[in-house]
$ cat final.pdb   # PDB, C-alpha atoms and all ligand atoms
ATOM      1  CA  MET Z 516      87.406 -14.991 -70.449
ATOM      2  CA  THR Z 517      86.674 -18.621 -69.468
ATOM      3  CA  GLU Z 518      87.083 -19.868 -65.932
ATOM      4  CA  THR Z 519      88.906 -22.998 -67.045
ATOM      5  CA  CYS Z 520      91.795 -21.032 -68.597
ATOM      6  CA  GLU Z 521      92.026 -17.874 -66.538
ATOM      7  CA  THR Z 522      91.067 -16.586 -63.133
ATOM      8  CA  PRO Z 523      87.776 -14.703 -63.441
ATOM      9  CA  ARG Z 524      87.592 -11.106 -62.294
ATOM     10  CA  ARG Z 525      86.615 -11.265 -58.621
ATOM     11  CA  SER Z 526      83.811  -9.355 -56.980
ATOM     12  CA  ALA Z 527      83.053  -8.485 -53.365
ATOM     13  CA  VAL Z 528      80.101  -7.390 -51.262
ATOM     14  CA  VAL Z 529      81.071  -5.380 -48.179
ATOM     15  CA  THR Z 530      78.178  -4.761 -45.794
ATOM     16  CA  GLY Z 531      78.167  -1.494 -43.879
ATOM     17  CA  SER Z 532      80.743   0.068 -46.178
ATOM     18  CA  SER Z 533      79.428   3.631 -46.151
ATOM     19  CA  ARG Z 534      81.671   4.500 -43.185
ATOM     20  CA  GLY Z 535      84.459   3.313 -40.912
ATOM     21  CA  ILE Z 536      86.110  -0.084 -41.272
ATOM     22  CA  GLY Z 537      83.758  -1.230 -44.057
ATOM     23  CA  ARG Z 538      84.595   1.812 -46.169
ATOM     24  CA  ALA Z 539      88.334   1.163 -45.766
ATOM     25  CA  VAL Z 540      87.774  -2.512 -46.696
ATOM     26  CA  ALA Z 541      85.826  -1.544 -49.840
ATOM     27  CA  GLU Z 542      88.602   0.853 -50.827
ATOM     28  CA  GLU Z 543      91.321  -1.736 -50.202
ATOM     29  CA  LEU Z 544      89.509  -4.441 -52.194
ATOM     30  CA  ALA Z 545      88.950  -2.035 -55.095
ATOM     31  CA  ARG Z 546      92.653  -1.151 -54.979
ATOM     32  CA  ALA Z 547      93.386  -4.895 -55.206
ATOM     33  CA  GLY Z 548      91.212  -5.138 -58.345
ATOM     34  CA  PHE Z 549      87.902  -6.439 -56.980
ATOM     35  CA  ASP Z 550      84.592  -5.178 -58.307
ATOM     36  CA  VAL Z 551      82.822  -3.916 -55.200
ATOM     37  CA  CYS Z 552      79.250  -3.620 -53.963
ATOM     38  CA  VAL Z 553      79.069  -0.830 -51.364
ATOM     39  CA  ASN Z 554      76.244  -1.123 -48.826
ATOM     40  CA  CYS Z 555      74.553   1.288 -46.438
ATOM     41  CA  SER Z 556      71.667   0.526 -44.093
ATOM     42  CA  SER Z 557      68.922   2.628 -45.686
ATOM     43  CA  ALA Z 558      68.019   4.870 -48.605
ATOM     44  CA  ARG Z 559      69.107   7.891 -46.514
ATOM     45  CA  GLY Z 560      72.771   7.054 -47.112
ATOM     46  CA  LEU Z 561      72.428   6.035 -50.735
ATOM     47  CA  ASP Z 562      73.599   9.281 -52.381
ATOM     48  CA  GLU Z 563      76.825   9.229 -50.358
ATOM     49  CA  ALA Z 564      77.297   5.479 -51.032
ATOM     50  CA  ARG Z 565      76.793   6.087 -54.758
ATOM     51  CA  SER Z 566      79.416   8.821 -54.864
ATOM     52  CA  PHE Z 567      81.831   6.548 -52.963
ATOM     53  CA  ALA Z 568      81.193   3.771 -55.523
ATOM     54  CA  ALA Z 569      81.773   6.245 -58.380
ATOM     55  CA  ALA Z 570      85.070   7.311 -56.770
ATOM     56  CA  LEU Z 571      86.169   3.656 -56.511
ATOM     57  CA  GLU Z 572      85.457   3.183 -60.223
ATOM     58  CA  ALA Z 573      87.335   6.363 -61.164
ATOM     59  CA  GLU Z 574      90.358   5.729 -58.917
ATOM     60  CA  HIS Z 575      90.811   1.992 -59.304
ATOM     61  CA  GLY Z 576      89.302   1.113 -62.682
ATOM     62  CA  VAL Z 577      86.957  -1.502 -61.220
ATOM     63  CA  ARG Z 578      83.171  -1.749 -61.366
ATOM     64  CA  ALA Z 579      81.362  -0.581 -58.238
ATOM     65  CA  ILE Z 580      77.702  -0.311 -57.272
ATOM     66  CA  ALA Z 581      75.907   0.992 -54.192
ATOM     67  CA  ALA Z 582      72.931  -0.744 -52.595
ATOM     68  CA  ALA Z 583      70.870   0.228 -49.567
ATOM     69  CA  ALA Z 584      69.883  -2.813 -47.510
ATOM     70  CA  ASP Z 585      69.208  -3.441 -43.844
ATOM     71  CA  VAL Z 586      71.105  -6.695 -43.365
ATOM     72  CA  ALA Z 587      68.911  -7.595 -40.376
ATOM     73  CA  ASP Z 588      66.069  -8.116 -42.857
ATOM     74  CA  ALA Z 589      66.428 -11.437 -44.715
ATOM     75  CA  ASP Z 590      64.703 -10.193 -47.879
ATOM     76  CA  GLU Z 591      66.889  -7.070 -48.033
ATOM     77  CA  ALA Z 592      70.032  -9.166 -47.479
ATOM     78  CA  GLU Z 593      69.025 -11.488 -50.325
ATOM     79  CA  ALA Z 594      68.327  -8.472 -52.568
ATOM     80  CA  LEU Z 595      71.789  -7.061 -51.726
ATOM     81  CA  ILE Z 596      73.599 -10.234 -52.777
ATOM     82  CA  ALA Z 597      71.340 -10.569 -55.855
ATOM     83  CA  ALA Z 598      72.190  -6.989 -56.887
ATOM     84  CA  ALA Z 599      75.911  -7.794 -56.796
ATOM     85  CA  GLN Z 600      75.388 -11.043 -58.709
ATOM     86  CA  GLU Z 601      73.379  -9.165 -61.326
ATOM     87  CA  ALA Z 602      75.953  -6.378 -61.685
ATOM     88  CA  PHE Z 603      79.125  -8.482 -61.654
ATOM     89  CA  GLY Z 604      77.950 -11.956 -62.709
ATOM     90  CA  ARG Z 605      79.314 -13.589 -59.528
ATOM     91  CA  VAL Z 606      79.894 -12.988 -55.815
ATOM     92  CA  ASP Z 607      83.341 -14.205 -54.760
ATOM     93  CA  VAL Z 608      83.847 -12.364 -51.497
ATOM     94  CA  LEU Z 609      81.400 -11.465 -48.751
ATOM     95  CA  VAL Z 610      82.612  -9.238 -45.932
ATOM     96  CA  ASN Z 611      80.003  -9.101 -43.176
ATOM     97  CA  ASN Z 612      81.061  -5.862 -41.562
ATOM     98  CA  ALA Z 613      77.772  -4.059 -40.750
ATOM     99  CA  GLY Z 614      77.465  -3.609 -37.010
ATOM    100  CA  ILE Z 615      75.916  -1.502 -34.280
ATOM    101  CA  THR Z 616      76.222  -1.014 -30.520
ATOM    102  CA  ARG Z 617      73.566  -0.239 -27.873
ATOM    103  CA  ASP Z 618      75.686  -0.369 -24.713
ATOM    104  CA  GLY Z 619      74.408  -0.634 -21.151
ATOM    105  CA  LEU Z 620      74.717  -2.742 -18.024
ATOM    106  CA  ILE Z 621      72.536  -5.843 -18.163
ATOM    107  CA  ALA Z 622      70.204  -4.780 -15.335
ATOM    108  CA  ARG Z 623      69.230  -1.713 -17.335
ATOM    109  CA  MET Z 624      69.533  -3.099 -20.862
ATOM    110  CA  LYS Z 625      66.259  -3.005 -22.721
ATOM    111  CA  GLU Z 626      65.119  -6.110 -24.580
ATOM    112  CA  GLU Z 627      64.872  -4.022 -27.760
ATOM    113  CA  ASP Z 628      68.551  -3.038 -27.410
ATOM    114  CA  PHE Z 629      69.529  -6.695 -27.162
ATOM    115  CA  ASP Z 630      67.362  -7.639 -30.146
ATOM    116  CA  ALA Z 631      68.588  -4.740 -32.315
ATOM    117  CA  VAL Z 632      72.287  -5.528 -31.773
ATOM    118  CA  VAL Z 633      71.902  -9.284 -32.245
ATOM    119  CA  GLY Z 634      69.610  -8.604 -35.213
ATOM    120  CA  VAL Z 635      72.181  -6.578 -37.153
ATOM    121  CA  ASN Z 636      75.460  -8.097 -35.972
ATOM    122  CA  LEU Z 637      74.585 -11.809 -35.834
ATOM    123  CA  LYS Z 638      71.369 -12.335 -37.783
ATOM    124  CA  GLY Z 639      72.518  -9.849 -40.433
ATOM    125  CA  THR Z 640      75.680 -11.929 -40.878
ATOM    126  CA  PHE Z 641      73.598 -15.114 -41.091
ATOM    127  CA  ASN Z 642      71.196 -13.508 -43.610
ATOM    128  CA  CYS Z 643      73.971 -12.405 -45.969
ATOM    129  CA  CYS Z 644      75.862 -15.707 -45.656
ATOM    130  CA  LYS Z 645      72.688 -17.643 -46.422
ATOM    131  CA  ALA Z 646      72.083 -15.539 -49.518
ATOM    132  CA  ALA Z 647      75.689 -15.850 -50.741
ATOM    133  CA  VAL Z 648      76.694 -19.451 -50.017
ATOM    134  CA  SER Z 649      74.536 -21.183 -52.620
ATOM    135  CA  ARG Z 650      76.087 -18.945 -55.272
ATOM    136  CA  MET Z 651      79.603 -19.553 -53.920
ATOM    137  CA  MET Z 652      79.108 -23.325 -53.705
ATOM    138  CA  LYS Z 653      77.818 -23.420 -57.279
ATOM    139  CA  GLN Z 654      80.890 -21.568 -58.569
ATOM    140  CA  ARG Z 655      83.126 -23.619 -56.242
ATOM    141  CA  TYR Z 656      84.841 -20.510 -54.969
ATOM    142  CA  GLY Z 657      84.198 -18.120 -52.142
ATOM    143  CA  ARG Z 658      85.772 -16.116 -49.341
ATOM    144  CA  ILE Z 659      83.633 -15.076 -46.373
ATOM    145  CA  VAL Z 660      85.099 -12.686 -43.807
ATOM    146  CA  ASN Z 661      82.942 -11.935 -40.772
ATOM    147  CA  MET Z 662      83.625  -8.982 -38.481
ATOM    148  CA  SER Z 663      83.690 -10.146 -34.871
ATOM    149  CA  SER Z 664      85.446  -8.285 -32.057
ATOM    150  CA  VAL Z 665      87.923  -9.002 -29.266
ATOM    151  CA  VAL Z 666      84.972  -8.610 -26.888
ATOM    152  CA  GLY Z 667      83.305 -11.574 -28.613
ATOM    153  CA  VAL Z 668      86.192 -13.619 -27.199
ATOM    154  CA  SER Z 669      86.684 -11.917 -23.829
ATOM    155  CA  GLY Z 670      83.264 -10.390 -23.008
ATOM    156  CA  ASN Z 671      82.939  -6.785 -21.842
ATOM    157  CA  ALA Z 672      81.048  -5.135 -19.005
ATOM    158  CA  GLY Z 673      78.316  -2.939 -20.478
ATOM    159  CA  GLN Z 674      78.252  -4.809 -23.772
ATOM    160  CA  ALA Z 675      76.400  -8.066 -23.049
ATOM    161  CA  ASN Z 676      74.341  -7.706 -26.233
ATOM    162  CA  TYR Z 677      77.297  -6.732 -28.428
ATOM    163  CA  ALA Z 678      79.678  -9.351 -26.991
ATOM    164  CA  ALA Z 679      77.021 -12.069 -27.361
ATOM    165  CA  SER Z 680      76.445 -11.083 -30.988
ATOM    166  CA  LYS Z 681      80.175 -11.122 -31.741
ATOM    167  CA  ALA Z 682      80.686 -14.468 -29.975
ATOM    168  CA  GLY Z 683      77.781 -15.762 -32.060
ATOM    169  CA  VAL Z 684      79.545 -14.576 -35.213
ATOM    170  CA  ILE Z 685      82.532 -16.754 -34.241
ATOM    171  CA  GLY Z 686      80.359 -19.882 -33.830
ATOM    172  CA  LEU Z 687      78.592 -19.140 -37.103
ATOM    173  CA  THR Z 688      81.912 -18.656 -38.913
ATOM    174  CA  LYS Z 689      83.426 -21.917 -37.630
ATOM    175  CA  SER Z 690      80.289 -23.857 -38.596
ATOM    176  CA  LEU Z 691      80.301 -22.368 -42.103
ATOM    177  CA  ALA Z 692      83.993 -23.205 -42.442
ATOM    178  CA  ARG Z 693      83.247 -26.858 -41.709
ATOM    179  CA  GLU Z 694      80.273 -26.936 -44.093
ATOM    180  CA  LEU Z 695      81.888 -25.165 -47.014
ATOM    181  CA  ALA Z 696      85.621 -26.012 -47.084
ATOM    182  CA  ALA Z 697      85.254 -28.907 -49.507
ATOM    183  CA  ARG Z 698      83.625 -26.525 -52.000
ATOM    184  CA  ASN Z 699      86.619 -24.156 -51.909
ATOM    185  CA  VAL Z 700      84.683 -21.626 -49.840
ATOM    186  CA  THR Z 701      86.486 -20.321 -46.752
ATOM    187  CA  ALA Z 702      84.986 -18.536 -43.757
ATOM    188  CA  ASN Z 703      87.071 -16.616 -41.234
ATOM    189  CA  ALA Z 704      86.389 -14.092 -38.497
ATOM    190  CA  VAL Z 705      88.355 -10.931 -37.853
ATOM    191  CA  ALA Z 706      88.314  -9.672 -34.272
ATOM    192  CA  PRO Z 707      89.420  -6.028 -34.026
ATOM    193  CA  GLY Z 708      90.314  -4.313 -30.774
ATOM    194  CA  PHE Z 709      89.782  -0.535 -30.628
ATOM    195  CA  ILE Z 710      89.720   1.047 -34.077
ATOM    196  CA  GLU Z 711      89.268   4.802 -34.750
ATOM    197  CA  THR Z 712      85.764   5.107 -36.258
ATOM    198  CA  ASP Z 713      82.402   6.690 -35.433
ATOM    199  CA  MET Z 714      81.748   3.648 -33.219
ATOM    200  CA  THR Z 715      84.634   4.545 -30.895
ATOM    201  CA  GLY Z 716      84.322   8.309 -31.476
ATOM    202  CA  ALA Z 717      82.155   8.790 -28.390
ATOM    203  CA  LEU Z 718      84.967   7.791 -25.986
ATOM    204  CA  SER Z 719      86.054  10.508 -23.562
ATOM    205  CA  GLU Z 720      89.734  11.534 -23.425
ATOM    206  CA  LYS Z 721      90.038   9.693 -20.092
ATOM    207  CA  GLN Z 722      88.555   6.504 -21.557
ATOM    208  CA  ARG Z 723      90.891   6.714 -24.555
ATOM    209  CA  GLU Z 724      93.938   7.081 -22.321
ATOM    210  CA  ALA Z 725      92.873   4.072 -20.258
ATOM    211  CA  ILE Z 726      92.368   1.996 -23.404
ATOM    212  CA  VAL Z 727      95.664   3.030 -24.996
ATOM    213  CA  GLY Z 728      97.362   2.042 -21.736
ATOM    214  CA  ARG Z 729      96.163  -1.549 -22.288
ATOM    215  CA  ILE Z 730      97.369  -1.729 -25.917
ATOM    216  CA  ALA Z 731     100.937  -2.967 -26.437
ATOM    217  CA  SER Z 732     101.269  -0.835 -29.606
ATOM    218  CA  LYS Z 733     100.198   2.240 -27.596
ATOM    219  CA  ARG Z 734      97.718   3.435 -30.209
ATOM    220  CA  LEU Z 735      94.203   2.738 -31.399
ATOM    221  CA  GLY Z 736      94.010   0.915 -34.711
ATOM    222  CA  ALA Z 737      93.104   2.547 -38.019
ATOM    223  CA  PRO Z 738      90.390   1.169 -40.332
ATOM    224  CA  GLU Z 739      93.190   0.576 -42.871
ATOM    225  CA  ASP Z 740      94.922  -1.828 -40.441
ATOM    226  CA  VAL Z 741      91.816  -4.031 -40.497
ATOM    227  CA  ALA Z 742      91.296  -3.592 -44.244
ATOM    228  CA  ALA Z 743      94.744  -5.024 -45.031
ATOM    229  CA  LEU Z 744      93.949  -8.206 -43.084
ATOM    230  CA  VAL Z 745      90.536  -8.559 -44.741
ATOM    231  CA  ARG Z 746      92.136  -8.108 -48.171
ATOM    232  CA  PHE Z 747      94.479 -11.013 -47.474
ATOM    233  CA  LEU Z 748      91.709 -13.297 -46.176
ATOM    234  CA  ALA Z 749      89.666 -12.377 -49.280
ATOM    235  CA  SER Z 750      92.508 -13.324 -51.630
ATOM    236  CA  GLU Z 751      93.066 -16.585 -53.467
ATOM    237  CA  GLU Z 752      96.324 -17.070 -51.532
ATOM    238  CA  ALA Z 753      94.338 -17.434 -48.298
ATOM    239  CA  GLY Z 754      92.531 -20.534 -49.588
ATOM    240  CA  TYR Z 755      94.000 -22.881 -46.923
ATOM    241  CA  ILE Z 756      92.937 -20.656 -44.001
ATOM    242  CA  THR Z 757      89.424 -21.342 -42.765
ATOM    243  CA  GLY Z 758      87.471 -21.319 -39.506
ATOM    244  CA  GLN Z 759      89.981 -18.983 -37.853
ATOM    245  CA  VAL Z 760      89.461 -16.001 -35.575
ATOM    246  CA  ILE Z 761      92.223 -13.465 -36.136
ATOM    247  CA  CYS Z 762      92.585 -10.728 -33.535
ATOM    248  CA  ILE Z 763      93.838  -7.375 -34.786
ATOM    249  CA  ASP Z 764      94.232  -5.287 -31.679
ATOM    250  CA  GLY Z 765      97.800  -3.966 -31.406
ATOM    251  CA  GLY Z 766      98.578  -6.665 -28.849
ATOM    252  CA  MET Z 767      95.769  -5.682 -26.443
ATOM    253  CA  SER Z 768      94.635  -9.268 -25.874
ATOM    254  CA  LEU Z 769      98.127 -10.689 -25.349
TER     255      LEU Z 769
HETATM  256  P1  LIG Z 801      80.697   2.458 -37.864
HETATM  257  O1  LIG Z 801      81.743   3.456 -38.178
HETATM  258  O2  LIG Z 801      79.638   2.776 -36.878
HETATM  259  O3  LIG Z 801      80.007   2.010 -39.266
HETATM  260  C1  LIG Z 801      78.998   1.035 -39.239
HETATM  261  C2  LIG Z 801      78.623   0.666 -40.645
HETATM  262  O4  LIG Z 801      77.620  -0.368 -40.570
HETATM  263  C3  LIG Z 801      77.992   1.832 -41.406
HETATM  264  O5  LIG Z 801      78.381   1.745 -42.758
HETATM  265  C4  LIG Z 801      76.495   1.562 -41.264
HETATM  266  O6  LIG Z 801      75.707   2.051 -42.335
HETATM  267  C5  LIG Z 801      76.487   0.042 -41.306
HETATM  268  N1  LIG Z 801      75.260  -0.519 -40.746
HETATM  269  C6  LIG Z 801      74.759  -0.366 -39.494
HETATM  270  N2  LIG Z 801      73.600  -1.044 -39.383
HETATM  271  C7  LIG Z 801      73.369  -1.631 -40.583
HETATM  272  C8  LIG Z 801      72.349  -2.456 -41.102
HETATM  273  N3  LIG Z 801      71.297  -2.816 -40.350
HETATM  274  N4  LIG Z 801      72.440  -2.880 -42.381
HETATM  275  C9  LIG Z 801      73.480  -2.514 -43.169
HETATM  276  N5  LIG Z 801      74.493  -1.731 -42.731
HETATM  277  C10 LIG Z 801      74.425  -1.304 -41.455
HETATM  278  O7  LIG Z 801      81.336   1.074 -37.358
HETATM  279  P2  LIG Z 801      82.840   0.539 -37.442
HETATM  280  O8  LIG Z 801      83.556   0.958 -36.235
HETATM  281  O9  LIG Z 801      83.424   0.805 -38.779
HETATM  282  O10 LIG Z 801      82.574  -1.031 -37.257
HETATM  283  C11 LIG Z 801      82.484  -1.919 -38.371
HETATM  284  C12 LIG Z 801      82.421  -3.346 -37.842
HETATM  285  O11 LIG Z 801      83.588  -3.621 -37.064
HETATM  286  C13 LIG Z 801      81.236  -3.601 -36.917
HETATM  287  O12 LIG Z 801      80.745  -4.903 -37.121
HETATM  288  C14 LIG Z 801      81.836  -3.493 -35.544
HETATM  289  O13 LIG Z 801      81.105  -4.197 -34.579
HETATM  290  C15 LIG Z 801      83.199  -4.071 -35.784
HETATM  291  N6  LIG Z 801      84.204  -3.659 -34.793
HETATM  292  C16 LIG Z 801      84.539  -2.338 -34.649
HETATM  293  C17 LIG Z 801      85.485  -2.001 -33.705
HETATM  294  C18 LIG Z 801      85.923  -0.561 -33.497
HETATM  295  O14 LIG Z 801      86.703  -0.312 -32.575
HETATM  296  N7  LIG Z 801      85.490   0.398 -34.306
HETATM  297  C19 LIG Z 801      86.070  -2.982 -32.903
HETATM  298  C20 LIG Z 801      85.695  -4.310 -33.085
HETATM  299  C21 LIG Z 801      84.763  -4.641 -34.033
HETATM  300  P3  LIG Z 801      74.940   3.493 -42.246
HETATM  301  O15 LIG Z 801      75.997   4.523 -42.523
HETATM  302  O16 LIG Z 801      73.903   3.411 -43.317
HETATM  303  O17 LIG Z 801      74.392   3.589 -40.867
END
$ encode --input "final.pdb" --output "structure tokens" --more "lines below"
Ligand code: NAP
Amino acid sequence: MTETCETPRRSAVVTGSSRGIGRAVAEELARAGFDVCVNCSSARGLDEARSFAAALEAEHGVRAIAAAADVADADEAEALIAAAQEAFGRVDVLVNNAGITRDGLIARMKEEDFDAVVGVNLKGTFNCCKAAVSRMMKQRYGRIVNMSSVVGVSGNAGQANYAASKAGVIGLTKSLARELAARNVTANAVAPGFIETDMTGALSEKQREAIVGRIASKRLGAPEDVAALVRFLASEEAGYITGQVICIDGGMSL
């Protein structure tokens, strides 16, 4: 298959795809025909990530690999992107989804909690983008989707570290969009509201009720809601959308 005559088979790296939103995104991209690199943070999760990748291959007829990499570490991020390039011959889509929280009011927030959250959420996104963009520019095609959050736009009491990291992701995304658009590489941010995953699993029933009361759709989102949006932004049809922040929150931020 030559690129001049036909569209090449597309491949995607989804960081933090062992669980939650990232897992749903990996599944959705595989369903859409992308070869997929599944990622977990450390070797501890590798067996589970490998069986998920094998299931994607069996169910969707695509190629899938699993790679353990802590995206906060620049060398590990580079190795992650290199592993996908090696396996699939190209990296067309990068979904920077890996994220953590270490909540607390600022007066009590430890410096290490700030550094850890910014390290994974913002620097991890930077590390993976840096590793992927030279490859995308060379092939004159790329789709970068960065996971922000509605709190990166609005701020949130008790989440100064997390909100700062997610606001940083927005600035990073817009800058990349400006740098890369002429090379047919887009960069967009997705800003979910409350989505049912392990990250929101610790909410008490009272907290959930209060949150649902603020959501126009009167429900928390599902990982699949976010995955459908990411799949569109990762598609060729989304080539004229770049530098945008798209909230997916059931109308919470209206
Ligand atoms: P989750 O269920 O806690 O899953 C987090 C994923 O990130 C896991 O696959 C985890 O891998 C991975 N991860 C964590 N640290 C990593 C690291 N250093 N390197 C590589 N992977 C790492 O989270 P989620 O709710 O699906 O959230 C996914 C993304 O959406 C995050 O960026 C989050 O901030 C954002 N978001 C979530 C919500 C929500 O309501 N859930 C709302 C707005 C934004 P392991 O399994 O190996 O730990």
$ resolve_selection --input "final.pdb" --expression "the PyMOL selection byres (((not hetatm)) within 6 of (chain Z and resi 801))" --output "VMD selection string"
chain Z and resid 530 to 537 555 to 557 560 584 to 587 612 to 615 635 662 to 664 707 to 715
$ resolve_selection --input "final.pdb" --expression "the PyMOL selection byres (((chain Z and resi 700) around 8) and not hetatm)" --output "list in words"
Met651, Met652, Arg655, Tyr656, Gly657, Arg658, Ile659, Ala692, Leu695, Ala696, Ala697, Arg698, Asn699, Thr701, Ala702 and Gly754 of chain Z
$ closest_residue --input "final.pdb" --among "Z:Glu542, Z:Asp562, Z:Asp590, Z:Glu626" --to "Z:Val529" --atoms "all atoms listed in the file"
Z:Glu542
$ atom_distance --input "final.pdb" --atom1 "atom CA of Z:Glu739" --atom2 "atom CA of Z:Val540"
7.3 Å
$ resolve_selection --input "final.pdb" --expression "the PyMOL selection byres (((chain Z and resi 589) around 10) and not hetatm)" --output "ChimeraX atom specification"
/Z:584-588,590-595,638-639,641-643,645-646
$ write_last_selection --input "final.pdb" --atoms "C-alpha atoms" --output "compact mmCIF listing (two decimals), keeping the file's coordinate frame"
# COMPACT_ATOMS: atom_id res chain seq x y z
CA ALA Z 584 69.88 -2.81 -47.51
CA ASP Z 585 69.21 -3.44 -43.84
CA VAL Z 586 71.10 -6.70 -43.36
CA ALA Z 587 68.91 -7.60 -40.38
CA ASP Z 588 66.07 -8.12 -42.86
CA ASP Z 590 64.70 -10.19 -47.88
CA GLU Z 591 66.89 -7.07 -48.03
CA ALA Z 592 70.03 -9.17 -47.48
CA GLU Z 593 69.03 -11.49 -50.32
CA ALA Z 594 68.33 -8.47 -52.57
CA LEU Z 595 71.79 -7.06 -51.73
CA LYS Z 638 71.37 -12.34 -37.78
CA GLY Z 639 72.52 -9.85 -40.43
CA PHE Z 641 73.60 -15.11 -41.09
CA ASN Z 642 71.20 -13.51 -43.61
CA CYS Z 643 73.97 -12.40 -45.97
CA LYS Z 645 72.69 -17.64 -46.42
CA ALA Z 646 72.08 -15.54 -49.52
$ residues_around --input "final.pdb" --residues "Z:Arg734" --least-positions-apart "4" --cutoff "12 Å" --atoms "all atoms listed in the file" --output "ChimeraX atom specification"
/Z:708-711,723-730,740,764-767
$ write_last_selection --input "final.pdb" --atoms "C-alpha atoms" --output "PDB file, keeping the file's coordinate frame"
ATOM      1  CA  GLY Z 708      90.314  -4.313 -30.774  1.00  0.00           C
ATOM      2  CA  PHE Z 709      89.782  -0.535 -30.628  1.00  0.00           C
ATOM      3  CA  ILE Z 710      89.720   1.047 -34.077  1.00  0.00           C
ATOM      4  CA  GLU Z 711      89.268   4.802 -34.750  1.00  0.00           C
ATOM      5  CA  ARG Z 723      90.891   6.714 -24.555  1.00  0.00           C
ATOM      6  CA  GLU Z 724      93.938   7.081 -22.321  1.00  0.00           C
ATOM      7  CA  ALA Z 725      92.873   4.072 -20.258  1.00  0.00           C
ATOM      8  CA  ILE Z 726      92.368   1.996 -23.404  1.00  0.00           C
ATOM      9  CA  VAL Z 727      95.664   3.030 -24.996  1.00  0.00           C
ATOM     10  CA  GLY Z 728      97.362   2.042 -21.736  1.00  0.00           C
ATOM     11  CA  ARG Z 729      96.163  -1.549 -22.288  1.00  0.00           C
ATOM     12  CA  ILE Z 730      97.369  -1.729 -25.917  1.00  0.00           C
ATOM     13  CA  ASP Z 740      94.922  -1.828 -40.441  1.00  0.00           C
ATOM     14  CA  ASP Z 764      94.232  -5.287 -31.679  1.00  0.00           C
ATOM     15  CA  GLY Z 765      97.800  -3.966 -31.406  1.00  0.00           C
ATOM     16  CA  GLY Z 766      98.578  -6.665 -28.849  1.00  0.00           C
ATOM     17  CA  MET Z 767      95.769  -5.682 -26.443  1.00  0.00           C
TER      18      MET Z 767
END
$ closest_residue --input "final.pdb" --among "Z:Ala743, Z:Ala568, Z:Ile580, Z:Ala737" --to "Z:Glu601" --atoms "all atoms listed in the file"
Z:Ile580
$ atom_distance --input "final.pdb" --atom1 "atom CA of Z:Val608" --atom2 "atom CA of Z:Gly758"
15.4 Å
$ atom_distance --input "final.pdb" --atom1 "atom CA of Z:Val684" --atom2 "atom CA of Z:Leu544"
22.1 Å
$ closest_residue --input "final.pdb" --among "Z:Thr640, Z:Gln600, Z:Gln674, Z:Gln722" --to "Z:Ile621" --atoms "all atoms listed in the file"
Z:Gln674
$ closest_residue --input "final.pdb" --among "Z:Val632, Z:Ala599, Z:Cys762, Z:Met624" --to "Z:Val741" --atoms "all atoms listed in the file"
Z:Cys762
$ closest_residue --input "final.pdb" --among "Z:Ala564, Z:Leu609, Z:Ala602, Z:Ala731" --to "Z:Ala704" --atoms "all atoms listed in the file"
Z:Leu609
$ closest_residue --input "final.pdb" --among "Z:Arg693, Z:Arg746, Z:Asn611, Z:Lys721" --to "Z:Ala545" --atoms "all atoms listed in the file"
Z:Arg746
